[in-house]
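Okay, structure first, notes after.
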Amino acid sequence: MRIGLVITANALLEGDVVWLTASGGLTRDLAEALVFTDRAEAENALAQASARTAEIVGAYLADVRLTADGAVPAHFRETFRTRGPSNYRHGKQSQTGAEPHVSLF
Amino acid sequence: MYRYSEFDHAFVAERNRQFRAQVARRIDGSLTEEEFRPLRLMNGLYLQLHAYMLRVAIPYGTLSVPQLRKLAEISERWDKGYGHFTTRQNIQFNWPKLPDVPDMLDALAEVGLHAIQTSGNTIRNVTSDHFAGAAADEIEDPRPYAELIRQWSTDHPEFQFLPRKFKIAITGSPNDRVVTRAHDIGLRMVTRDGVPRFEVIVGGGLGRTPMIGQVIRDFLPVADLLPYLEAIVATYNLLGRRDNKYKARIKITVHETGIDTIRGMVEARFAEIAREFDRAATEAALAELRAMFAARDLPSRGRALFEAAHGRDPIFRAWADTNLTPHRAPGHAIVSISLKAHGQTPGDATAAQMRAVAYLAERYSQGEIRVSHMQNLVLPHVALDDLPALHAVLREHGLATANIGLASDIIACPGMDYCALATARSIPVAQQIAGLVGALDIEQELGPVQIKISGCINACGHHHVGDIGILGLDRAGVENYQITLGGSASENARIGARMGPGFAYDQIVPAIERLLSAYLDLRLEPAETFALAVQRLGLAPFKTALYETEAQDAA
């Protein structure tokens with residue numbers, strides 16, 4: 001399985017999760033994120049992104065797995081960040097109409 | 001109830017004005033996040049996984065009707081229509097946007113609420129008995145003292161940058177409902193020869209190094225409370241470690257220095273500063289506060305309506321038998337309102353539910369609402385004959401779950417559904433355990449059992465002091481849940497013992513089911529609670545039950 005890196009952070013005003021895109025913009029959809037396969041390159045871009053203090057907070061690199069369907073988070077914490085909490089359909093899943101990711105009784 | 005003085009109003013208004021300007025400067029780029037972060041934390045604003053979170057203090061867990069209505073309004077206007085009550089008697093809003101927060105704080109200030117010192121290395125919101133001023137077992141209402149501590153600790157110039165956060169809990173009853181022994185300082189009222197004084201406990205705490213607090217002064221005159229607290233915190237401020245965040249709490253200071261040495265230092269400091277505190281003024285302030293907190297005389301009422309409903313209606317009976325606590329006034333009861341409906345998020349209340357509780361408090365409970373560290377609400381002063389009508393309103397709003405103190409009355413921290421520090425989820429585990437005991441209908445049969453869930457080692461969910469504690473961890477990139485058994489949050493507080501290897505997310509609920517089944521099989525009689533059975537039998541049979549299925553699978 002190929003592994004990549006994305007730059008992610010929280011938006012300053014809304015506080016929600018964003019990722020850096022290839023055009024240097026910010027997206028709220030992981031599918032639109034720029035995926036790095038070279039760590040040095042990713043770290044360089046992270047340093048630049050971290051300077052965007054008027055837009056984002058707490059930028060960091062997150063591992064993704066590169067699949068046929070595109071990049072998917074490597075860690076469950078990052079998976080949750082693409083969706084929102086499991087107890088209500090709030091956060092990103094409220095826009096996508098996806099089911100909360102936990103089935104309850 | 002306490003009424004804000006002109007000083008309180010002016011202080012909060014000024015802080016809000018300052019924070020509004022700080023937010024504006026952050027948004028226009030004048031402040032970096034590094035500069036802004038400590039400022040927002042001083043005002044209770046966190047940045048969590050999916051959004052900002054605003055933590056609002058509910059001093060000593062007491063709310064008025066206008067305050068609860070304002071919380072409902074804030075949740076609808078600037079959040080998603082609900083609030084989350086926490087184990088420290090705070091309420092958290094999970095979805096505020098940064099530009100809205102100054103308006104939210106101004107709205108809170110209208111009813112004498114704020115978010116000051118709900119974060120940071122300061123003295124946090126002082127927690128107190130949610131049955132204060134009502135409990136039949138109480139020596140004295142602890143809230144006048146708690147308010148005195150709030151006034152002393154708020155913006156205390158010496159204690160804004162302590163080595164680490166500092167939590168104080170206070171109770172006026174011999175039955176400890178605030179877990180005093182798991183706090184940096186715990187205050188328990190005791191009497192000797194009819195004189196009420198405080199037993200002062202220091203160095204308790206949960207987190208990665210759980211410790212039970214030790215008595216530093218067994219019998220403190222109430223007028224010496226503030227200088228003695230100041231002596232403890234000042235001693236800690238000097239001795240406490242700033243080199244290692246994980247060793248910075250006072251529990252480590254006490255552990256490394258020794259309680260006797262600490263006591264000597266505190267007493268020396270106390271002797272030095274006590275004269276700077278005006279005892280007469282403290283006594284006068286206390287007298288004024290006692291008058292503010294005193295409940296009005298509760299009119300004598302009959303119990304015919306209560307008895308009739310209790311005899312006729314099994315749903316009312318189950319609720320009354322589970323959710324009521326004896327009141328000191330005859331013909332009255334303390335009502336615990338469960339925020340743990342099976343399958344719901346522990347501690348969450350919608351705006352409509354908050355308004356319903358506010359209405360009931362206004363009509364039936366002298367306008368008072370309490371928040372418990374168990375993440376439930378309380379109406380402290382209800383006449384028995386008003387209970388059938390009150391229960392009917394609770395039912396309409398999904399607030400009549402009869403499970404106080406039972407298996408589904410679970411403490412759960414927000415866990416990785418919200419919290420940036422969490423290592424695993426807590427809420428869905430609580431939802432599934434509650435769903436299980438509800439589906440099996442074994443809750444009444446099981447009797448009192450406290451299940452407490454934390455989503456990381458910081459232990460906001462108090463797992464160490466649960467009869468059954470669950471700690472969610474990240475083990476090699478998957479959620480894993482460790483179980484502790486035999487803890488206690490009572491006046492005989494005890495840290496639970498860790499069982500063997502943890503369980504995967506989809507295995508933790510079956511593991512808890514095996515534990516509960518084992519208890520039902522092993523107990524001598526229904527009066528032998530889960531805690532008593534663990535005490536009598538030790539951990540071994542429960543450990544066997546936990547791991548037996550896995551052993552069979554492996555065989």
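A note on labels: chains of the structure tokens are A, B, ... as shown, every chain counts residues from 1, and ligands are counted from 1 in their shown order.
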
(request) Do me a favour and pick out the residues of chain A within 10 Å of chain B, using only C-alpha atoms, as a ChimeraX atom specification. (result) /A:9-18,51-58,74-78,80-88,90-92,102-105

Take the residues that were just selected and, keeping N, CA and C atoms, output them as a CSV table (one decimal), in the first residue's frame.
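Everything below was put into part20.csv:
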```csv
chain,number,residue,atom,x,y,z
A,9,ALA,N,-5.3,21.2,8.9
A,9,ALA,CA,-5.3,22.2,10.0
A,9,ALA,C,-6.8,22.4,10.3
A,10,ASN,N,-7.0,23.3,11.2
A,10,ASN,CA,-8.4,23.8,11.5
A,10,ASN,C,-8.5,25.3,11.0
A,11,ALA,N,-9.6,25.6,10.4
A,11,ALA,CA,-9.8,27.0,9.9
A,11,ALA,C,-9.9,27.9,11.1
A,12,LEU,N,-9.3,29.1,10.9
A,12,LEU,CA,-9.3,30.0,12.0
A,12,LEU,C,-10.7,30.5,12.5
A,13,LEU,N,-11.5,30.8,11.6
A,13,LEU,CA,-12.8,31.4,12.0
A,13,LEU,C,-13.8,30.3,12.3
A,14,GLU,N,-14.0,29.3,11.5
A,14,GLU,CA,-15.0,28.3,11.7
A,14,GLU,C,-14.5,27.2,12.7
A,15,GLY,N,-13.2,27.0,12.7
A,15,GLY,CA,-12.6,25.9,13.5
A,15,GLY,C,-12.7,24.5,12.9
A,16,ASP,N,-13.3,24.4,11.7
A,16,ASP,CA,-13.4,23.1,11.1
A,16,ASP,C,-12.2,22.6,10.4
A,17,VAL,N,-12.2,21.4,10.0
A,17,VAL,CA,-11.0,20.7,9.4
A,17,VAL,C,-10.8,21.1,7.9
A,18,VAL,N,-9.6,21.5,7.6
A,18,VAL,CA,-9.3,21.9,6.2
A,18,VAL,C,-8.0,21.1,5.8
A,51,ALA,N,2.7,29.3,8.1
A,51,ALA,CA,2.8,30.8,8.1
A,51,ALA,C,1.5,31.5,7.8
A,52,ARG,N,0.5,30.7,7.3
A,52,ARG,CA,-0.8,31.3,7.0
A,52,ARG,C,-1.7,31.4,8.2
A,53,THR,N,-1.2,32.2,9.1
A,53,THR,CA,-1.8,32.3,10.5
A,53,THR,C,-3.1,33.0,10.5
A,54,ALA,N,-3.4,33.8,9.4
A,54,ALA,CA,-4.7,34.5,9.4
A,54,ALA,C,-5.8,33.6,8.9
A,55,GLU,N,-5.4,32.4,8.4
A,55,GLU,CA,-6.5,31.5,7.8
A,55,GLU,C,-6.7,30.2,8.6
A,56,ILE,N,-5.5,29.6,9.1
A,56,ILE,CA,-5.6,28.3,9.7
A,56,ILE,C,-4.8,28.3,11.0
A,57,VAL,N,-5.1,27.2,11.8
A,57,VAL,CA,-4.5,27.0,13.1
A,57,VAL,C,-4.0,25.6,13.2
A,58,GLY,N,-2.8,25.4,13.7
A,58,GLY,CA,-2.3,24.1,14.0
A,58,GLY,C,-2.1,23.1,12.8
A,74,ALA,N,-4.9,7.3,7.1
A,74,ALA,CA,-4.2,6.1,7.6
A,74,ALA,C,-4.6,5.8,9.1
A,75,HIS,N,-5.0,6.9,9.8
A,75,HIS,CA,-5.3,6.7,11.2
A,75,HIS,C,-6.7,7.0,11.5
A,76,PHE,N,-7.3,6.3,12.5
A,76,PHE,CA,-8.7,6.6,12.7
A,76,PHE,C,-9.1,8.0,13.2
A,77,ARG,N,-8.1,8.6,13.9
A,77,ARG,CA,-8.4,10.0,14.3
A,77,ARG,C,-8.6,10.9,13.0
A,78,GLU,N,-7.8,10.7,12.0
A,78,GLU,CA,-7.9,11.4,10.8
A,78,GLU,C,-9.2,11.1,10.0
A,80,PHE,N,-12.0,10.3,11.6
A,80,PHE,CA,-13.1,11.0,12.3
A,80,PHE,C,-13.1,12.5,11.8
A,81,ARG,N,-11.8,13.0,11.6
A,81,ARG,CA,-11.8,14.4,11.2
A,81,ARG,C,-12.4,14.7,9.8
A,82,THR,N,-12.5,13.6,9.0
A,82,THR,CA,-13.1,13.8,7.7
A,82,THR,C,-14.6,13.7,7.8
A,83,ARG,N,-15.2,13.3,8.9
A,83,ARG,CA,-16.6,13.1,9.0
A,83,ARG,C,-17.3,14.0,10.1
A,84,GLY,N,-16.8,13.9,11.3
A,84,GLY,CA,-17.5,14.6,12.4
A,84,GLY,C,-17.7,13.5,13.5
A,85,PRO,N,-18.4,13.9,14.6
A,85,PRO,CA,-18.6,13.0,15.7
A,85,PRO,C,-19.5,11.9,15.4
A,86,SER,N,-19.5,10.8,16.2
A,86,SER,CA,-20.3,9.6,15.9
A,86,SER,C,-21.7,9.7,16.6
A,87,ASN,N,-21.9,10.7,17.5
A,87,ASN,CA,-23.2,10.7,18.2
A,87,ASN,C,-24.3,11.5,17.5
A,88,TYR,N,-23.9,12.5,16.7
A,88,TYR,CA,-24.9,13.3,15.9
A,88,TYR,C,-24.3,13.4,14.5
A,90,HIS,N,-23.4,15.8,12.8
A,90,HIS,CA,-22.9,17.1,12.8
A,90,HIS,C,-21.5,17.1,12.1
A,91,GLY,N,-21.0,18.3,11.8
A,91,GLY,CA,-19.7,18.4,11.2
A,91,GLY,C,-19.8,18.1,9.7
A,92,LYS,N,-18.7,17.6,9.1
A,92,LYS,CA,-18.7,17.4,7.7
A,92,LYS,C,-19.8,16.4,7.2
A,102,VAL,N,-20.9,5.2,13.2
A,102,VAL,CA,-21.0,4.1,14.2
A,102,VAL,C,-22.5,3.7,14.2
A,103,SER,N,-22.7,2.4,14.1
A,103,SER,CA,-24.1,2.0,14.2
A,103,SER,C,-24.4,1.7,15.6
A,104,LEU,N,-25.5,2.3,16.1
A,104,LEU,CA,-25.9,2.1,17.5
A,104,LEU,C,-27.0,1.2,17.6
A,105,PHE,N,-27.4,0.9,18.8
A,105,PHE,CA,-28.5,-0.1,19.0
A,105,PHE,C,-29.8,0.6,18.4
```

(request) Can you pull out every residue within 12 Å of Gly347 of chain B, counting only C-alpha atoms, but drop anything in the same chain fewer than 3 positions away, and send it as a ChimeraX atom specification? (result) /B:82-93,337-344,350,353-354,371-377,399,409-414,427,430-431,461

Take the residues that were just selected and, keeping N, CA and C atoms, output them as a compact mmCIF listing (two decimals), in the first residue's frame.
```txt
# COMPACT_ATOMS: atom_id res chain seq x y z
N TYR B 82 -27.82 22.39 21.52
CA TYR B 82 -27.67 21.56 22.72
C TYR B 82 -26.41 22.00 23.46
N GLY B 83 -26.27 21.55 24.69
CA GLY B 83 -25.06 21.77 25.46
C GLY B 83 -24.66 20.47 26.13
N HIS B 84 -23.39 20.41 26.53
CA HIS B 84 -22.86 19.18 27.13
C HIS B 84 -22.39 19.49 28.56
N PHE B 85 -23.03 18.88 29.55
CA PHE B 85 -22.64 19.08 30.95
C PHE B 85 -21.51 18.13 31.30
N THR B 86 -20.52 18.66 32.01
CA THR B 86 -19.28 17.90 32.22
C THR B 86 -19.12 17.43 33.66
N THR B 87 -18.08 16.63 33.89
CA THR B 87 -17.79 16.11 35.22
C THR B 87 -17.27 17.20 36.16
N ARG B 88 -17.02 18.39 35.65
CA ARG B 88 -16.60 19.47 36.55
C ARG B 88 -17.68 20.54 36.65
N GLN B 89 -18.91 20.14 36.45
CA GLN B 89 -20.05 21.04 36.60
C GLN B 89 -19.94 22.25 35.66
N ASN B 90 -19.31 22.03 34.49
CA ASN B 90 -19.32 23.06 33.46
C ASN B 90 -20.33 22.66 32.40
N ILE B 91 -20.61 23.62 31.50
CA ILE B 91 -21.34 23.25 30.28
C ILE B 91 -20.45 23.62 29.09
N GLN B 92 -20.41 22.73 28.11
CA GLN B 92 -19.59 22.99 26.93
C GLN B 92 -20.46 23.12 25.70
N PHE B 93 -20.15 24.15 24.89
CA PHE B 93 -20.77 24.28 23.59
C PHE B 93 -19.74 23.82 22.56
N ILE B 337 -32.51 14.48 37.59
CA ILE B 337 -33.00 14.33 36.21
C ILE B 337 -31.89 13.71 35.39
N SER B 338 -32.15 12.52 34.89
CA SER B 338 -31.12 11.79 34.15
C SER B 338 -30.90 12.40 32.77
N LEU B 339 -29.65 12.71 32.46
CA LEU B 339 -29.30 13.07 31.08
C LEU B 339 -28.65 11.87 30.40
N LYS B 340 -29.14 10.68 30.75
CA LYS B 340 -28.56 9.43 30.26
C LYS B 340 -29.64 8.52 29.69
N ALA B 341 -30.59 9.11 28.98
CA ALA B 341 -31.58 8.25 28.31
C ALA B 341 -30.80 7.22 27.49
N HIS B 342 -31.27 5.99 27.50
CA HIS B 342 -30.53 4.91 26.84
C HIS B 342 -30.25 5.25 25.38
N GLY B 343 -28.98 5.20 25.01
CA GLY B 343 -28.61 5.48 23.62
C GLY B 343 -28.28 6.93 23.36
N GLN B 344 -28.55 7.81 24.34
CA GLN B 344 -28.21 9.22 24.17
C GLN B 344 -26.79 9.51 24.68
N THR B 350 -30.76 19.17 25.14
CA THR B 350 -31.16 20.06 24.06
C THR B 350 -31.70 21.36 24.65
N GLN B 353 -34.99 20.75 26.17
CA GLN B 353 -34.89 20.09 27.49
C GLN B 353 -34.46 21.09 28.56
N MET B 354 -33.52 21.97 28.21
CA MET B 354 -33.09 22.97 29.19
C MET B 354 -34.28 23.87 29.58
N VAL B 371 -26.27 21.11 38.65
CA VAL B 371 -25.58 20.24 37.69
C VAL B 371 -24.69 19.32 38.52
N SER B 372 -24.76 18.03 38.26
CA SER B 372 -23.94 17.10 39.05
C SER B 372 -22.70 16.69 38.28
N HIS B 373 -21.67 16.30 39.02
CA HIS B 373 -20.46 15.81 38.32
C HIS B 373 -20.74 14.49 37.61
N MET B 374 -21.89 13.88 37.93
CA MET B 374 -22.31 12.67 37.22
C MET B 374 -22.95 13.02 35.87
N GLN B 375 -22.94 14.29 35.51
CA GLN B 375 -23.49 14.76 34.23
C GLN B 375 -25.01 14.64 34.16
N ASN B 376 -25.65 14.86 35.30
CA ASN B 376 -27.11 14.93 35.33
C ASN B 376 -27.53 16.29 35.88
N LEU B 377 -28.83 16.58 35.82
CA LEU B 377 -29.36 17.80 36.42
C LEU B 377 -30.16 17.43 37.66
N LEU B 399 -36.83 13.11 29.58
CA LEU B 399 -35.97 13.36 30.74
C LEU B 399 -36.36 12.51 31.95
N ASP B 409 -26.25 4.93 33.98
CA ASP B 409 -25.94 6.29 34.44
C ASP B 409 -24.41 6.44 34.37
N ILE B 410 -23.94 6.46 33.13
CA ILE B 410 -22.50 6.36 32.86
C ILE B 410 -21.89 7.75 32.72
N ILE B 411 -20.76 7.96 33.37
CA ILE B 411 -19.96 9.15 33.05
C ILE B 411 -19.14 8.82 31.81
N ALA B 412 -19.17 9.71 30.84
CA ALA B 412 -18.30 9.56 29.67
C ALA B 412 -17.78 10.92 29.27
N CYS B 413 -16.49 11.01 29.08
CA CYS B 413 -15.91 12.25 28.56
C CYS B 413 -16.27 12.37 27.08
N PRO B 414 -16.03 13.52 26.45
CA PRO B 414 -16.36 13.64 25.02
C PRO B 414 -15.55 12.70 24.12
N ILE B 427 -18.06 8.21 23.92
CA ILE B 427 -19.52 8.36 23.85
C ILE B 427 -20.20 7.12 23.26
N ALA B 430 -20.37 4.31 25.73
CA ALA B 430 -21.42 4.55 26.74
C ALA B 430 -22.80 4.28 26.15
N GLN B 431 -23.03 4.76 24.93
CA GLN B 431 -24.33 4.56 24.29
C GLN B 431 -24.64 3.08 24.12
N GLY B 461 -13.17 11.29 32.41
CA GLY B 461 -14.33 10.42 32.67
C GLY B 461 -14.22 9.64 33.96
```

(message) Could you go through segment 38-83 of chain A and tell me which residues DSSP, when run on the backbone, assigns to alpha helix (DSSP H), listing them as a ChimeraX atom specification?
(response) /A:39-50,76-83

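Closest approach to Gly455 of chain B among B:Ile442, B:Leu421, B:Ala284, B:Met189: B:Leu421, based on only C-alpha atoms.
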
Polymer residues at most 7 Å from Thr8 of chain A, only C-alpha atoms, same-chain spacing of 3 or more positions, as a PDB file with C-alpha atoms, in the first residue's frame:
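Written output follows (around_6.pdb):
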```pdb
ATOM      1  CA  VAL A  18      -9.282  21.855   6.206  1.00  0.00           C
ATOM      2  CA  TRP A  19      -6.618  20.448   3.898  1.00  0.00           C
ATOM      3  CA  LEU A  20      -4.183  22.179   1.576  1.00  0.00           C
ATOM      4  CA  ALA A  59      -1.205  22.776  10.601  1.00  0.00           C
ATOM      5  CA  TYR A  60       0.426  19.342  10.576  1.00  0.00           C
ATOM      6  CA  LEU A  61       1.188  16.433   8.259  1.00  0.00           C
ATOM      7  CA  ALA A  62      -1.193  13.486   8.269  1.00  0.00           C
TER       8      ALA A  62
END
```

(message) List as number ranges by chain the protein and nucleic acid residues near segment 196-212 of chain B, meaning an atom at most 6 Å away when only C-alpha atoms are counted, but skip any in the same chain fewer than 3 places from it.
(response) B: 181-191, 215-222, 250-251, 254, 457-459

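The residue set within 7 Å of Ile3 of chain A, counting only C-alpha atoms and dropping same-chain residues fewer than 4 places from it, reads Asp63, Val64, Arg65 and Leu66 of chain A.
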
Please dump the current selection as a PDB file, in the first residue's frame; keep N, CA and C atoms.
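Final file, selection11.pdb:
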```
ATOM      1  N   ASP A  63      -0.760  11.200   7.647  1.00  0.00           N
ATOM      2  CA  ASP A  63      -0.543  10.085   6.720  1.00  0.00           C
ATOM      3  C   ASP A  63      -1.851   9.710   6.027  1.00  0.00           C
ATOM      4  N   VAL A  64      -1.755   9.422   4.747  1.00  0.00           N
ATOM      5  CA  VAL A  64      -2.896   8.855   4.024  1.00  0.00           C
ATOM      6  C   VAL A  64      -2.433   7.611   3.274  1.00  0.00           C
ATOM      7  N   ARG A  65      -3.387   6.727   3.043  1.00  0.00           N
ATOM      8  CA  ARG A  65      -3.113   5.571   2.183  1.00  0.00           C
ATOM      9  C   ARG A  65      -3.655   5.900   0.803  1.00  0.00           C
ATOM     10  N   LEU A  66      -2.887   5.537  -0.213  1.00  0.00           N
ATOM     11  CA  LEU A  66      -3.309   5.854  -1.578  1.00  0.00           C
ATOM     12  C   LEU A  66      -4.009   4.626  -2.146  1.00  0.00           C
TER      13      LEU A  66
END
```

Got a sec: who's within 8 Å of Glu73 of chain B, counting only C-alpha atoms, leaving out chain neighbours fewer than 4 positions off, as a PDB file with C-alpha atoms, in the first residue's frame?
```pdb
ATOM      1  CA  ARG B  69     -32.858  29.674  29.804  1.00  0.00           C
ATOM      2  CA  ARG B  77     -28.380  31.050  18.487  1.00  0.00           C
ATOM      3  CA  ALA B 351     -32.389  23.644  24.234  1.00  0.00           C
TER       4      ALA B 351
END
```

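The list of residues with at least one atom within 7 Å of Ser488 of chain B, based on only C-alpha atoms and without residues fewer than 3 positions apart in the same chain, reads Val465, Gly466, Asp467, Asn492, Ala493, Arg494 and Ile495 of chain B.
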
(request) Mind giving me the straight-line distance from atom CA of Asp385 of chain B to atom CA of Glu443 of chain B in Å, one decimal? (result) 27.0 Å

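One finds atom CA of Tyr60 of chain B at 13.3 Å from atom CA of Ile123 of chain B.
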
(message) Please report the interatomic distance between atom CA of Ser94 of chain A and atom CA of Cys460 of chain B in Å with one decimal.
(response) 27.8 Å
